[in-house]
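Peer 1: If it helps, the file is called my_file04.pdb and holds PDB, C-alpha atoms:
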MODEL        1
ATOM      1  CA  MET Y1021      92.418 107.545  83.503
ATOM      2  CA  ILE Y1022      92.657 105.910  86.922
ATOM      3  CA  ILE Y1023      95.522 104.667  89.060
ATOM      4  CA  PHE Y1024      95.744 103.070  92.510
ATOM      5  CA  PRO Y1025      98.351 104.601  94.853
ATOM      6  CA  ASN Y1026      99.567 102.179  97.500
ATOM      7  CA  ALA Y1027     100.935 102.643 101.017
ATOM      8  CA  LYS Y1028     104.364 101.839 102.436
ATOM      9  CA  ILE Y1029     105.682 100.648 105.776
ATOM     10  CA  ASN Y1030     108.956 101.627 107.434
ATOM     11  CA  ILE Y1031     111.092  98.717 108.559
ATOM     12  CA  GLY Y1032     113.356 100.412 111.080
ATOM     13  CA  LEU Y1033     113.749 104.161 111.407
ATOM     14  CA  ASN Y1034     116.841 105.841 112.848
ATOM     15  CA  VAL Y1035     116.817 109.614 113.336
ATOM     16  CA  ILE Y1036     120.505 110.470 113.108
ATOM     17  CA  GLU Y1037     120.841 114.253 113.294
ATOM     18  CA  ARG Y1038     119.035 117.545 112.826
ATOM     19  CA  ARG Y1039     119.987 119.362 109.641
ATOM     20  CA  ALA Y1040     120.701 123.063 109.207
ATOM     21  CA  ASP Y1041     117.570 123.367 107.028
ATOM     22  CA  GLY Y1042     115.355 122.187 109.894
ATOM     23  CA  TYR Y1043     114.820 118.674 108.566
ATOM     24  CA  HIS Y1044     116.478 115.544 109.969
ATOM     25  CA  ASN Y1045     118.893 113.064 108.487
ATOM     26  CA  LEU Y1046     117.560 109.577 108.983
ATOM     27  CA  GLU Y1047     117.751 106.073 107.645
ATOM     28  CA  THR Y1048     114.911 103.642 107.084
ATOM     29  CA  VAL Y1049     113.684 100.925 104.754
ATOM     30  CA  PHE Y1050     110.589 101.652 102.691
ATOM     31  CA  TYR Y1051     108.552  98.615 101.693
ATOM     32  CA  PRO Y1052     105.350  98.926  99.580
ATOM     33  CA  VAL Y1053     102.155  97.289 100.893
ATOM     34  CA  LYS Y1054      98.778  96.601  99.332
ATOM     35  CA  ILE Y1055      96.570  99.242 100.883
ATOM     36  CA  ASN Y1056      95.350 101.468  98.073
ATOM     37  CA  ASP Y1057      93.651 104.747  97.297
ATOM     38  CA  ALA Y1058      92.037 105.333  93.893
ATOM     39  CA  LEU Y1059      93.007 108.395  91.857
ATOM     40  CA  GLU Y1060      91.349 109.506  88.646
ATOM     41  CA  ILE Y1061      91.849 112.421  86.271
ATOM     42  CA  ILE Y1062      89.533 113.542  83.476
ATOM     43  CA  ARG Y1063      90.219 116.378  81.062
ATOM     44  CA  ALA Y1064      87.933 119.268  81.935
ATOM     45  CA  ASP Y1065      87.215 122.950  81.358
ATOM     46  CA  GLU Y1066      88.698 123.955  84.695
ATOM     47  CA  LEU Y1067      90.915 122.452  87.381
ATOM     48  CA  SER Y1068      88.968 120.849  90.235
ATOM     49  CA  PHE Y1069      89.537 118.390  93.071
ATOM     50  CA  GLN Y1070      86.998 116.125  94.734
ATOM     51  CA  SER Y1071      87.452 113.360  97.282
ATOM     52  CA  SER Y1072      85.462 110.509  98.775
ATOM     53  CA  GLY Y1073      86.132 107.865 101.399
ATOM     54  CA  LEU Y1074      88.144 109.071 104.375
ATOM     55  CA  GLU Y1075      87.912 112.793 105.067
ATOM     56  CA  ILE Y1076      91.051 114.662 103.972
ATOM     57  CA  PRO Y1077      91.967 117.520 106.338
ATOM     58  CA  GLY Y1078      93.232 120.900 105.140
ATOM     59  CA  ARG Y1079      92.517 123.213 102.251
ATOM     60  CA  VAL Y1080      92.070 121.858  98.730
ATOM     61  CA  GLU Y1081      94.753 124.205  97.391
ATOM     62  CA  ASP Y1082      97.260 122.625  99.808
ATOM     63  CA  ASN Y1083      96.578 119.088  98.592
ATOM     64  CA  LEU Y1084      99.741 117.557  97.128
ATOM     65  CA  CYS Y1085      97.946 116.509  93.944
ATOM     66  CA  ILE Y1086      96.956 120.124  93.269
ATOM     67  CA  LYS Y1087     100.514 121.234  94.026
ATOM     68  CA  GLY Y1088     101.831 118.524  91.708
ATOM     69  CA  TYR Y1089      99.543 119.717  88.923
ATOM     70  CA  HIS Y1090     100.793 123.297  89.188
ATOM     71  CA  LEU Y1091     104.395 122.076  89.348
ATOM     72  CA  LEU Y1092     104.136 120.244  86.037
ATOM     73  CA  LYS Y1093     101.887 122.863  84.435
ATOM     74  CA  LYS Y1094     104.705 125.401  84.708
ATOM     75  CA  ASP Y1095     106.895 123.247  82.459
ATOM     76  CA  PHE Y1096     104.328 121.593  80.190
ATOM     77  CA  GLY Y1097     101.349 123.930  79.957
ATOM     78  CA  LEU Y1098      98.909 121.212  80.986
ATOM     79  CA  PRO Y1099      95.195 121.657  80.237
ATOM     80  CA  PRO Y1100      92.754 121.642  83.185
ATOM     81  CA  VAL Y1101      91.736 118.326  84.721
ATOM     82  CA  LYS Y1102      89.085 117.106  87.122
ATOM     83  CA  ILE Y1103      90.758 115.142  89.923
ATOM     84  CA  HIS Y1104      88.908 112.593  92.036
ATOM     85  CA  LEU Y1105      90.644 110.872  94.940
ATOM     86  CA  HIS Y1106      88.974 108.038  96.841
ATOM     87  CA  LYS Y1107      90.854 107.914 100.145
ATOM     88  CA  HIS Y1108      91.284 104.498 101.753
ATOM     89  CA  ILE Y1109      94.857 104.606 103.133
ATOM     90  CA  PRO Y1110      94.567 105.771 106.768
ATOM     91  CA  ILE Y1111      95.647 109.374 107.368
ATOM     92  CA  GLY Y1112      98.198 110.211 110.065
ATOM     93  CA  ALA Y1113      99.294 106.595 110.122
ATOM     94  CA  GLY Y1114     102.937 106.664 108.999
ATOM     95  CA  LEU Y1115     101.966 104.949 105.735
ATOM     96  CA  GLY Y1116     102.842 107.726 103.274
ATOM     97  CA  GLY Y1117      99.363 107.877 101.763
ATOM     98  CA  GLY Y1118      99.459 111.567 100.839
ATOM     99  CA  SER Y1119     102.949 111.187  99.396
ATOM    100  CA  ALA Y1120     101.820 108.173  97.382
ATOM    101  CA  ASP Y1121      98.882 110.129  95.962
ATOM    102  CA  ALA Y1122     101.212 112.941  94.865
ATOM    103  CA  ALA Y1123     103.754 110.628  93.235
ATOM    104  CA  PHE Y1124     101.126 108.506  91.487
ATOM    105  CA  PHE Y1125      99.468 111.722  90.310
ATOM    106  CA  ILE Y1126     102.723 112.730  88.596
ATOM    107  CA  ARG Y1127     102.860 109.283  86.988
ATOM    108  CA  LEU Y1128      99.242 109.656  85.905
ATOM    109  CA  LEU Y1129      99.840 113.052  84.282
ATOM    110  CA  ASN Y1130     102.899 111.643  82.522
ATOM    111  CA  GLN Y1131     100.778 108.841  81.044
ATOM    112  CA  GLU Y1132      97.662 110.841  80.210
ATOM    113  CA  PHE Y1133      99.476 113.684  78.450
ATOM    114  CA  GLU Y1134     102.403 111.632  77.093
ATOM    115  CA  LEU Y1135     104.965 113.930  78.680
ATOM    116  CA  GLY Y1136     107.785 111.453  78.136
ATOM    117  CA  LEU Y1137     109.239 111.905  81.629
ATOM    118  CA  THR Y1138     111.752 109.332  82.816
ATOM    119  CA  ASP Y1139     111.633 107.897  86.325
ATOM    120  CA  MET Y1140     114.510 110.154  87.337
ATOM    121  CA  GLN Y1141     112.700 113.233  86.035
ATOM    122  CA  MET Y1142     109.503 112.267  87.858
ATOM    123  CA  ILE Y1143     111.518 111.663  91.029
ATOM    124  CA  ALA Y1144     112.950 115.184  90.728
ATOM    125  CA  TYR Y1145     109.433 116.638  90.584
ATOM    126  CA  ALA Y1146     108.218 114.418  93.421
ATOM    127  CA  ARG Y1147     111.126 115.500  95.629
ATOM    128  CA  GLN Y1148     109.764 119.063  95.495
ATOM    129  CA  LEU Y1149     106.484 117.892  97.040
ATOM    130  CA  GLY Y1150     107.770 115.970 100.046
ATOM    131  CA  ALA Y1151     110.497 113.686 101.376
ATOM    132  CA  ASP Y1152     108.512 110.438 100.996
ATOM    133  CA  CYS Y1153     107.111 111.247  97.560
ATOM    134  CA  PRO Y1154     110.069 110.150  95.381
ATOM    135  CA  PHE Y1155     109.916 106.592  96.719
ATOM    136  CA  PHE Y1156     106.530 105.983  95.127
ATOM    137  CA  ILE Y1157     107.693 106.726  91.586
ATOM    138  CA  GLN Y1158     109.522 103.389  91.289
ATOM    139  CA  ASN Y1159     107.653 101.887  94.257
ATOM    140  CA  LYS Y1160     110.187  99.173  95.093
ATOM    141  CA  PRO Y1161     111.900  98.289  98.413
ATOM    142  CA  VAL Y1162     114.730 100.727  99.175
ATOM    143  CA  PHE Y1163     117.120 101.796 101.882
ATOM    144  CA  ALA Y1164     116.334 105.496 102.346
ATOM    145  CA  PHE Y1165     118.729 108.028 103.844
ATOM    146  CA  ASP Y1166     119.489 111.757 104.182
ATOM    147  CA  ARG Y1167     115.997 113.330 104.523
ATOM    148  CA  GLY Y1168     114.524 109.998 103.509
ATOM    149  CA  ASP Y1169     114.532 111.040  99.858
ATOM    150  CA  GLU Y1170     117.809 109.428  98.758
ATOM    151  CA  PHE Y1171     117.604 105.732  97.964
ATOM    152  CA  GLU Y1172     119.595 102.580  97.417
ATOM    153  CA  PRO Y1173     117.742  99.553  96.036
ATOM    154  CA  ILE Y1174     117.678  96.501  98.287
ATOM    155  CA  LYS Y1175     116.742  92.885  97.695
ATOM    156  CA  LEU Y1176     113.912  92.398 100.160
ATOM    157  CA  ASP Y1177     110.984  90.125  99.354
ATOM    158  CA  LEU Y1178     108.354  89.488 102.021
ATOM    159  CA  SER Y1179     105.854  87.857  99.667
ATOM    160  CA  ASN Y1180     106.112  84.522 101.479
ATOM    161  CA  TYR Y1181     105.038  86.158 104.753
ATOM    162  CA  LYS Y1182     101.742  87.571 105.953
ATOM    163  CA  ILE Y1183     101.925  91.284 106.754
ATOM    164  CA  VAL Y1184      99.186  92.568 109.030
ATOM    165  CA  LEU Y1185      98.660  96.265 109.671
ATOM    166  CA  VAL Y1186      96.626  97.658 112.545
ATOM    167  CA  MET Y1187      95.460 101.262 112.743
ATOM    168  CA  PRO Y1188      94.282 102.195 116.255
ATOM    169  CA  PRO Y1189      91.858 105.122 116.707
ATOM    170  CA  VAL Y1190      94.733 107.500 117.448
ATOM    171  CA  HIS Y1191      96.307 110.345 115.500
ATOM    172  CA  VAL Y1192     100.022 111.104 115.868
ATOM    173  CA  SER Y1193     101.247 114.236 114.117
ATOM    174  CA  THR Y1194     104.714 114.246 112.596
ATOM    175  CA  SER Y1195     105.629 117.312 114.652
ATOM    176  CA  GLU Y1196     104.603 115.543 117.871
ATOM    177  CA  ALA Y1197     106.708 112.515 116.953
ATOM    178  CA  TYR Y1198     109.812 114.590 116.184
ATOM    179  CA  ARG Y1199     109.478 116.606 119.404
ATOM    180  CA  GLY Y1200     109.949 113.443 121.406
ATOM    181  CA  VAL Y1201     112.912 111.955 119.564
ATOM    182  CA  LYS Y1202     116.603 112.536 120.314
ATOM    183  CA  PRO Y1203     118.758 112.245 117.185
ATOM    184  CA  ALA Y1204     121.814 110.031 117.586
ATOM    185  CA  PRO Y1205     124.380 108.357 115.301
ATOM    186  CA  VAL Y1206     123.853 104.647 114.687
ATOM    187  CA  LYS Y1207     126.355 101.967 115.667
ATOM    188  CA  GLN Y1208     125.352  99.711 112.789
ATOM    189  CA  SER Y1209     123.569 100.879 109.671
ATOM    190  CA  LEU Y1210     120.117  99.588 108.879
ATOM    191  CA  MET Y1211     121.497  98.788 105.431
ATOM    192  CA  GLU Y1212     123.433  95.950 107.078
ATOM    193  CA  LEU Y1213     120.818  94.924 109.642
ATOM    194  CA  ILE Y1214     118.089  94.430 107.049
ATOM    195  CA  ASN Y1215     120.075  91.525 105.591
ATOM    196  CA  GLU Y1216     119.844  89.563 108.850
ATOM    197  CA  PRO Y1217     117.205  86.789 109.134
ATOM    198  CA  ILE Y1218     113.783  88.313 109.833
ATOM    199  CA  LYS Y1219     113.569  86.489 113.169
ATOM    200  CA  GLU Y1220     116.585  88.532 114.295
ATOM    201  CA  TRP Y1221     115.092  91.913 113.361
ATOM    202  CA  LYS Y1222     113.258  92.349 116.660
ATOM    203  CA  ASN Y1223     116.595  92.295 118.491
ATOM    204  CA  HIS Y1224     118.329  94.890 116.327
ATOM    205  CA  ILE Y1225     115.951  96.899 114.119
ATOM    206  CA  LYS Y1226     114.058  99.677 115.909
ATOM    207  CA  ASN Y1227     111.949 102.739 115.229
ATOM    208  CA  ASP Y1228     113.289 105.770 117.115
ATOM    209  CA  PHE Y1229     109.807 107.313 117.336
ATOM    210  CA  GLU Y1230     108.362 104.466 119.382
ATOM    211  CA  ASN Y1231     109.708 105.477 122.813
ATOM    212  CA  SER Y1232     108.000 108.860 122.962
ATOM    213  CA  VAL Y1233     104.922 107.903 120.929
ATOM    214  CA  PHE Y1234     104.288 104.847 123.105
ATOM    215  CA  LYS Y1235     104.660 107.002 126.220
ATOM    216  CA  ASN Y1236     102.035 109.451 124.972
ATOM    217  CA  HIS Y1237      99.790 106.811 123.380
ATOM    218  CA  PRO Y1238     100.011 103.531 125.313
ATOM    219  CA  GLU Y1239      97.284 102.002 123.151
ATOM    220  CA  ILE Y1240      99.780 101.933 120.258
ATOM    221  CA  ARG Y1241     102.277 100.087 122.453
ATOM    222  CA  GLY Y1242      99.448  97.669 123.255
ATOM    223  CA  VAL Y1243      98.855  96.947 119.570
ATOM    224  CA  LYS Y1244     102.518  96.078 119.044
ATOM    225  CA  ALA Y1245     102.490  93.778 122.086
ATOM    226  CA  ALA Y1246      99.309  92.098 120.839
ATOM    227  CA  LEU Y1247     100.880  91.410 117.440
ATOM    228  CA  TYR Y1248     103.817  89.674 119.109
ATOM    229  CA  GLU Y1249     101.408  87.723 121.300
ATOM    230  CA  ALA Y1250      99.605  86.623 118.127
ATOM    231  CA  GLY Y1251     102.855  85.178 116.782
ATOM    232  CA  ALA Y1252     104.523  87.972 114.813
ATOM    233  CA  ILE Y1253     108.185  87.369 114.088
ATOM    234  CA  TYR Y1254     108.649  91.133 113.789
ATOM    235  CA  ALA Y1255     106.382  94.034 114.703
ATOM    236  CA  SER Y1256     106.923  97.774 114.608
ATOM    237  CA  MET Y1257     105.224 101.117 114.350
ATOM    238  CA  SER Y1258     105.427 102.450 110.800
ATOM    239  CA  GLY Y1259     107.032 105.860 110.374
ATOM    240  CA  SER Y1260     105.873 108.309 113.019
ATOM    241  CA  GLY Y1261     102.712 106.243 113.667
ATOM    242  CA  ALA Y1262     100.041 105.577 114.564
ATOM    243  CA  SER Y1263      99.827 102.346 112.534
ATOM    244  CA  VAL Y1264     101.656  99.201 113.632
ATOM    245  CA  PHE Y1265     102.471  96.240 111.414
ATOM    246  CA  GLY Y1266     103.385  92.654 112.138
ATOM    247  CA  ILE Y1267     105.122  90.095 109.933
ATOM    248  CA  PHE Y1268     103.824  86.546 110.356
ATOM    249  CA  GLU Y1269     104.669  83.171 108.895
ATOM    250  CA  GLU Y1270     100.964  82.221 108.908
ATOM    251  CA  THR Y1271      97.771  84.276 108.872
ATOM    252  CA  PRO Y1272      97.162  85.055 112.554
ATOM    253  CA  ASP Y1273      94.019  85.157 114.668
ATOM    254  CA  LEU Y1274      93.572  88.842 115.489
ATOM    255  CA  SER Y1275      90.097  88.641 116.990
ATOM    256  CA  GLY Y1276      91.411  90.282 120.159
ATOM    257  CA  LEU Y1277      92.407  93.377 118.210
ATOM    258  CA  GLU Y1278      89.155  93.981 116.354
ATOM    259  CA  ASP Y1279      87.531  96.388 118.836
ATOM    260  CA  ASP Y1280      88.067 100.018 117.738
ATOM    261  CA  ASN Y1281      91.072  99.118 115.555
ATOM    262  CA  GLN Y1282      91.129  99.032 111.762
ATOM    263  CA  ILE Y1283      92.877  95.887 110.554
ATOM    264  CA  PHE Y1284      94.373  95.289 107.108
ATOM    265  CA  SER Y1285      95.263  91.623 106.591
ATOM    266  CA  PRO Y1286      97.036  89.943 104.983
ATOM    267  CA  LEU Y1287      99.107  92.321 102.874
TER     268      LEU Y1287
ENDMDL
END
As structure tokens - that is how I would like this structure written.

Peer 2:
Amino acid sequence: MIIFPNAKINIGLNVIERRADGYHNLETVFYPVKINDALEIIRADELSFQSSGLEIPGRVEDNLCIKGYHLLKKDFGLPPVKIHLHKHIPIGAGLGGGSADAAFFIRLLNQEFELGLTDMQMIAYARQLGADCPFFIQNKPVFAFDRGDEFEPIKLDLSNYKIVLVMPPVHVSTSEAYRGVKPAPVKQSLMELINEPIKEWKNHIKNDFENSVFKNHPEIRGVKAALYEAGAIYASMSGSGASVFGIFEETPDLSGLEDDNQIFSPL
């Protein structure tokens, strides 16, 4: 059985305060976009994991799909499976690709073995794997708050726009991004700002990681500027970077951004 995990972008990201558990309270809007990995499981004699496409860093046993398998196996006694992940969503991009793979893997196990899990039950498992993971169970636009794993549905439809995503040849670690940010309360919640006309977003909706990330990686700042120059009505870094997306009314000419950058367009 095969499934196609998709990426997400963050529209706005406010880091509000550091929590006692070491995480941060934040608020953001998650919006799914059409950049996909491919994930397959086959019943097998022993558990195994293989990947193709982009190289996945780290040990196999630390992969979130493997962790998700062991999490559900404790409760359901799952038989072994062979897992194959074709990685296409850029890594270290702020697109939630690893989280998507983990959440879609839970959905895949639920289907393949007819576990009968509800969305809420799958969300509870996904929450144990990472803060972004629960979003991908229902995979619909949400206002996210607390650690980014509590959600309120929002009515946001960008299907009439062209979303372009640019991945520069830069890696920004989450720890690096958080080291440069200063948590602060917001004057107006993103939950309210997201309802403004999209042309107003650039004046009010921001990503708190941009200041320090742009300082350390000016090429990312350059990508955002180039998207506005190409006619974007809103552009922002997604998550902690390094990817930057632009929202356009028409498909733009991005020929000036093609050197060294990976471009996904239109989404």

Peer 1: Dig up all the protein and nucleic acid residues within 12 Å of (90.3, 109.2, 116.3) in the file frame, using all atoms listed in the file, and format them as a ChimeraX atom specification.

Peer 2: /Y:1110-1113,1187-1192,1262,1280-1282

Peer 1: Which residues match the PyMOL selection byres ((chain Y and resi 1157) around 9) in the file above, as a ChimeraX atom specification?

Peer 2: /Y:1120,1123-1124,1126-1127,1139-1140,1142-1143,1146,1153-1156,1158-1160

Peer 1: Taking the file above as input, evaluate the PyMOL selection byres ((chain Y and resi 1265) around 7) and report the hits as an MDAnalysis selection string.

Peer 2: chainID Y and resid 1183:1186 1255:1258 1263:1264 1266:1267

Peer 1: What's the separation between atom CA of Tyr1181 of chain Y and atom CA of Glu1269 of chain Y, in Å to one decimal place?

Peer 2: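 Those two atoms sit 5.1 Å apart.
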
Peer 1: Measuring between only C-alpha atoms, which one of Y:Lys1222, Y:Leu1046, Y:Leu1178, Y:Ala1027 shows the shortest distance to Lys1107 of chain Y?

Peer 2: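 Ranked by minimum distance to Lys1107 of chain Y, first place goes to Y:Ala1027.
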
Peer 1: With the PyMOL selection byres ((chain Y and resi 1069-1073) around 9) as the selection, what would be picked from this file? Answer as a list in words, please.

Peer 2: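 Here the PyMOL selection byres ((chain Y and resi 1069-1073) around 9) matches Leu1067, Ser1068, Leu1074, Glu1075, Ile1076, Val1080, Glu1081, Asn1083, Cys1085, Ile1086, Val1101, Lys1102, Ile1103, His1104, Leu1105, His1106, Lys1107 and His1108 of chain Y.
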
Peer 1: Every residue with an atom at most 12 Å from (122.7, 99.2, 114.8) (file coordinates; only C-alpha atoms) is what I'm after, so could you write them as a VMD selection string?

Peer 2: chain Y and resid 1032 to 1034 1036 1047 to 1048 1204 to 1214 1216 1221 to 1228

Peer 1: Quote the spacing between atom CA of Asn1026 of chain Y and atom CA of Ala1245 of chain Y in Å to one decimal place.

Peer 2: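 Interatomic distance here is 26.1 Å.
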
Peer 1: Set the distance at 12 Å and use only C-alpha atoms: which residues neighbour Leu1091 of chain Y once local chain neighbours fewer than 2 positions away are removed? I'd like the list as an MDAnalysis selection string.

Peer 2: chainID Y and resid 1084:1089 1093:1098 1122 1125:1126 1129 1142 1144:1149

Peer 1: Looking at Y:Leu1115, Y:Val1243, Y:Ala1250, Y:Ile1029, which one is nearest to Thr1194 of chain Y, with distances taken over all atoms listed in the file?

Peer 2: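 Using all atoms listed in the file, Thr1194 of chain Y sits closest to Y:Leu1115.
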
Peer 1: Suppose you want the space between atom CA of Gly1261 of chain Y and atom CA of Gly1042 of chain Y; what is it in Å?

Peer 2: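 Pair atom CA of Gly1261 of chain Y / atom CA of Gly1042 of chain Y returns 20.7 Å.
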
Peer 1: Looking at all atoms listed in the file, which of Y:Pro1100, Y:Ile1240, Y:Ile1218, Y:Asp1041 is the one that sits closest to Asp1065 of chain Y?

Peer 2: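 Smallest separation from Asp1065 of chain Y among the options: Y:Pro1100.
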
Peer 1: Need to verify the contact set: Ile1023 of chain Y, 8 Å, only C-alpha atoms, exclusion of same-chain residues closer than 5 positions in sequence. Can you return it as a PDB file with C-alpha atoms, in the coordinates of the input?

Peer 2:
ATOM      1  CA  ALA Y1058      92.037 105.333  93.893  1.00  0.00           C
ATOM      2  CA  LEU Y1059      93.007 108.395  91.857  1.00  0.00           C
ATOM      3  CA  GLU Y1060      91.349 109.506  88.646  1.00  0.00           C
ATOM      4  CA  PHE Y1124     101.126 108.506  91.487  1.00  0.00           C
ATOM      5  CA  LEU Y1128      99.242 109.656  85.905  1.00  0.00           C
TER       6      LEU Y1128
END

Peer 1: Using all atoms listed in the file, which residue out of Y:Lys1244, Y:Lys1054, Y:Arg1079, Y:Arg1038 lies closest to Pro1025 of chain Y?

Peer 2: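 Using all atoms listed in the file, the shortest distance to Pro1025 of chain Y belongs to Y:Lys1054.
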
Peer 1: Rank Y:Phe1268, Y:Lys1028, Y:Asp1082, Y:Met1021 by their smallest atom-to-atom distance to Ile1062 of chain Y, using all atoms listed in the file, and report the top residue only.

Peer 2: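 Residue with the minimum atom-to-atom distance to Ile1062 of chain Y: Y:Met1021.
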
Peer 1: Using only C-alpha atoms, which protein or nucleic acid residues come within 8 Å of Val1162 of chain Y? Drop anything in the same chain fewer than 5 positions from it, and give the result as number ranges by chain.

Peer 2: Y: 1049-1051, 1155, 1171-1174

Peer 1: Write a file of the selected residues as a short mmCIF file (atom, residue, chain, number, x, y, z; two decimals), in the coordinates of the input, keeping C-alpha atoms.

Peer 2:
data_model
loop_
_atom_site.label_atom_id
_atom_site.label_comp_id
_atom_site.auth_asym_id
_atom_site.auth_seq_id
_atom_site.Cartn_x
_atom_site.Cartn_y
_atom_site.Cartn_z
CA VAL Y 1049 113.68 100.92 104.75
CA PHE Y 1050 110.59 101.65 102.69
CA TYR Y 1051 108.55 98.62 101.69
CA PHE Y 1155 109.92 106.59 96.72
CA PHE Y 1171 117.60 105.73 97.96
CA GLU Y 1172 119.60 102.58 97.42
CA PRO Y 1173 117.74 99.55 96.04
CA ILE Y 1174 117.68 96.50 98.29
#
